[in-house]
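Colleague: Quick one: this structure, given as structure tokens, is what I'll be asking you about.
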Amino acid sequence: MDLEFQEWVLVSVVAINLVALIGFFFTKQSGFSSSSTSTLLLLLVVGSGGILLASGSLPGELRQVFANIFFAVIGFAGGLYAGRGTASRKQAGGEAPTSGGAGDAGDGSGFAG
């Protein structure tokens with residue numbers, strides 16, 4: 001069995017992705033929260049992108065499309081992490097911050113000056 005360099009790279013990328021996914025499910029706590037969803041999405045997108053790049057299956061124009069998908073998933077995952085912080089603050093009874101717009105003194109007096 002004589003494997004070339006590109007094939008070894010592909011095998012190693014697949015092995016690293018499998019270890020990452022198996023590790024994700026072994027270390028995940030019970031339930032499937034938004035942070036678990038975003039982490040799993042990132043693992044899947046990075047893993048599939050790595051496999052496609054290592055195999056040489058992505059020509060130049062498809063690399064740009066995949067990069068756009070990757071950045072969209074990063075934005076979605078970041079939104080889930082950020083949303084988790086505000087949801088826990090609302091559950092704890094924390095008050096939402098008020099904006100100091102025009103006519104708002106910030107103390108609830110309604111003084112517009």
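A note on labels: chains of the structure tokens are A, B, ... as shown, every chain counts residues from 1, and ligands are counted from 1 in their shown order.
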Tell me, as a CSV table (one decimal) with all heavy atoms, in the first residue's frame, which residues lie within 9 Å of range 27-38 of chain A, counting only C-alpha atoms; anything in the same chain fewer than 2 positions away does not count.

Modeller:
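Below you can see out.csv, which holds the result:
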```csv
chain,number,residue,atom,x,y,z
A,22,ILE,N,-16.0,12.6,18.1
A,22,ILE,CA,-16.2,11.6,19.2
A,22,ILE,C,-15.9,12.3,20.5
A,22,ILE,O,-16.7,12.1,21.5
A,22,ILE,CB,-15.3,10.4,18.9
A,22,ILE,CG1,-15.8,9.6,17.7
A,22,ILE,CG2,-15.2,9.5,20.2
A,22,ILE,CD1,-14.8,8.5,17.3
A,23,GLY,N,-14.9,13.1,20.6
A,23,GLY,CA,-14.6,13.9,21.8
A,23,GLY,C,-15.7,14.8,22.2
A,23,GLY,O,-16.0,15.0,23.4
A,24,PHE,N,-16.4,15.4,21.2
A,24,PHE,CA,-17.5,16.3,21.4
A,24,PHE,C,-18.6,15.6,22.1
A,24,PHE,O,-19.2,16.0,23.1
A,24,PHE,CB,-18.0,17.0,20.1
A,24,PHE,CG,-19.3,17.7,20.3
A,24,PHE,CD1,-19.3,18.9,20.9
A,24,PHE,CD2,-20.4,17.1,19.8
A,24,PHE,CE1,-20.5,19.6,21.0
A,24,PHE,CE2,-21.6,17.8,19.9
A,24,PHE,CZ,-21.7,19.0,20.5
A,25,PHE,N,-19.0,14.4,21.6
A,25,PHE,CA,-20.1,13.7,22.2
A,25,PHE,C,-19.8,13.0,23.5
A,25,PHE,O,-20.7,12.8,24.3
A,25,PHE,CB,-20.6,12.7,21.2
A,25,PHE,CG,-21.4,13.3,20.1
A,25,PHE,CD1,-20.9,13.4,18.8
A,25,PHE,CD2,-22.7,13.9,20.3
A,25,PHE,CE1,-21.7,14.0,17.8
A,25,PHE,CE2,-23.4,14.5,19.3
A,25,PHE,CZ,-22.9,14.5,18.0
A,40,LEU,N,-21.2,22.0,17.6
A,40,LEU,CA,-21.3,20.9,16.6
A,40,LEU,C,-21.3,21.5,15.2
A,40,LEU,O,-20.7,20.9,14.3
A,40,LEU,CB,-22.6,20.1,16.9
A,40,LEU,CG,-22.8,18.9,15.9
A,40,LEU,CD1,-21.7,17.9,16.1
A,40,LEU,CD2,-24.2,18.3,16.2
A,41,LEU,N,-22.0,22.6,15.0
A,41,LEU,CA,-22.0,23.2,13.6
A,41,LEU,C,-20.6,23.6,13.2
A,41,LEU,O,-20.2,23.3,12.0
A,41,LEU,CB,-22.9,24.4,13.6
A,41,LEU,CG,-24.4,24.1,13.3
A,41,LEU,CD1,-25.1,25.4,13.5
A,41,LEU,CD2,-24.6,23.5,12.0
A,42,LEU,N,-19.8,24.2,14.1
A,42,LEU,CA,-18.5,24.6,13.8
A,42,LEU,C,-17.6,23.4,13.5
A,42,LEU,O,-16.8,23.4,12.5
A,42,LEU,CB,-17.9,25.4,14.9
A,42,LEU,CG,-18.4,26.8,15.0
A,42,LEU,CD1,-17.8,27.5,16.3
A,42,LEU,CD2,-18.0,27.6,13.8
A,43,LEU,N,-17.7,22.3,14.3
A,43,LEU,CA,-17.0,21.1,14.0
A,43,LEU,C,-17.3,20.5,12.7
A,43,LEU,O,-16.4,20.0,11.9
A,43,LEU,CB,-17.2,20.1,15.1
A,43,LEU,CG,-16.5,20.3,16.4
A,43,LEU,CD1,-17.0,19.3,17.5
A,43,LEU,CD2,-15.0,20.2,16.3
A,73,VAL,N,-21.7,30.3,9.2
A,73,VAL,CA,-21.9,29.4,10.4
A,73,VAL,C,-21.2,30.0,11.6
A,73,VAL,O,-21.7,29.9,12.7
A,73,VAL,CB,-21.3,28.0,10.0
A,73,VAL,CG1,-21.2,27.2,11.3
A,73,VAL,CG2,-22.2,27.4,9.0
A,74,ILE,N,-20.0,30.7,11.4
A,74,ILE,CA,-19.4,31.3,12.5
A,74,ILE,C,-20.2,32.4,13.1
A,74,ILE,O,-20.4,32.5,14.4
A,74,ILE,CB,-18.0,31.9,12.1
A,74,ILE,CG1,-17.0,30.7,11.9
A,74,ILE,CG2,-17.4,32.8,13.1
A,74,ILE,CD1,-15.7,31.2,11.4
A,76,PHE,N,-23.5,32.5,13.0
A,76,PHE,CA,-24.7,31.9,13.7
A,76,PHE,C,-24.3,31.3,15.0
A,76,PHE,O,-25.0,31.5,16.0
A,76,PHE,CB,-25.2,30.8,12.8
A,76,PHE,CG,-26.3,30.0,13.4
A,76,PHE,CD1,-27.6,30.5,13.5
A,76,PHE,CD2,-26.1,28.7,13.8
A,76,PHE,CE1,-28.6,29.7,14.1
A,76,PHE,CE2,-27.1,27.9,14.4
A,76,PHE,CZ,-28.3,28.5,14.5
A,77,ALA,N,-23.1,30.7,15.1
A,77,ALA,CA,-22.6,30.1,16.3
A,77,ALA,C,-22.3,31.2,17.3
A,77,ALA,O,-22.6,31.1,18.5
A,77,ALA,CB,-21.4,29.2,16.1
A,78,GLY,N,-21.7,32.3,16.9
A,78,GLY,CA,-21.5,33.4,17.8
A,78,GLY,C,-22.7,34.0,18.3
A,78,GLY,O,-22.8,34.4,19.5
A,79,GLY,N,-23.8,34.1,17.5
A,79,GLY,CA,-25.1,34.6,17.9
A,79,GLY,C,-25.7,33.6,19.0
A,79,GLY,O,-26.3,34.1,19.9
A,80,LEU,N,-25.5,32.3,18.8
A,80,LEU,CA,-26.0,31.4,19.8
A,80,LEU,C,-25.3,31.6,21.2
A,80,LEU,O,-25.9,31.5,22.2
A,80,LEU,CB,-25.9,30.0,19.3
A,80,LEU,CG,-26.9,29.6,18.2
A,80,LEU,CD1,-26.6,28.1,17.8
A,80,LEU,CD2,-28.3,29.7,18.7
A,81,TYR,N,-24.0,31.8,21.1
A,81,TYR,CA,-23.2,32.0,22.3
A,81,TYR,C,-23.6,33.3,23.0
A,81,TYR,O,-23.8,33.4,24.2
A,81,TYR,CB,-21.7,32.0,22.1
A,81,TYR,CG,-21.1,30.6,22.0
A,81,TYR,CD1,-20.5,30.2,20.9
A,81,TYR,CD2,-21.2,29.7,23.1
A,81,TYR,CE1,-19.9,28.9,20.8
A,81,TYR,CE2,-20.7,28.4,23.0
A,81,TYR,CZ,-20.0,28.1,21.9
A,81,TYR,OH,-19.5,26.8,21.8
A,83,GLY,N,-26.5,34.9,22.6
A,83,GLY,CA,-27.9,34.8,23.0
A,83,GLY,C,-28.0,34.0,24.3
A,83,GLY,O,-28.9,34.3,25.1
A,84,ARG,N,-27.1,33.1,24.6
A,84,ARG,CA,-27.1,32.4,25.8
A,84,ARG,C,-26.8,33.3,27.0
A,84,ARG,O,-27.4,33.1,28.0
A,84,ARG,CB,-26.0,31.3,25.7
A,84,ARG,CG,-26.0,30.4,27.0
A,84,ARG,CD,-24.9,29.4,26.9
A,84,ARG,NE,-23.6,30.1,26.8
A,84,ARG,CZ,-22.5,29.5,27.0
A,84,ARG,NH1,-22.4,28.2,27.1
A,84,ARG,NH2,-21.4,30.1,26.9
```

Colleague: Can you measure CA of Pro59 in chain A to CA of Gln6 in chain A for me? One decimal in Å is fine.

Modeller: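 Interatomic distance here is 15.8 Å.
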
Colleague: Let's see if you can do this: from backbone DSSP, list all helix (DSSP H, G or I) residues in range 1-96 of chain A, as number ranges by chain.

Modeller: A: 5-27, 34-55, 60-91

Colleague: When distances are computed from only C-alpha atoms, which of A:Ser55, A:Thr39, A:Asn17, A:Ser48 shows the smallest separation from Phe5 in chain A?

Modeller: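 Closest to Phe5 in chain A of all the choices is A:Ser55.
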
Colleague: Which residue is closest to Glu7 in chain A? Choose from A:Ala54, A:Leu62, A:Val46, A:Ile69 and count only C-alpha atoms.

Modeller: A:Ala54
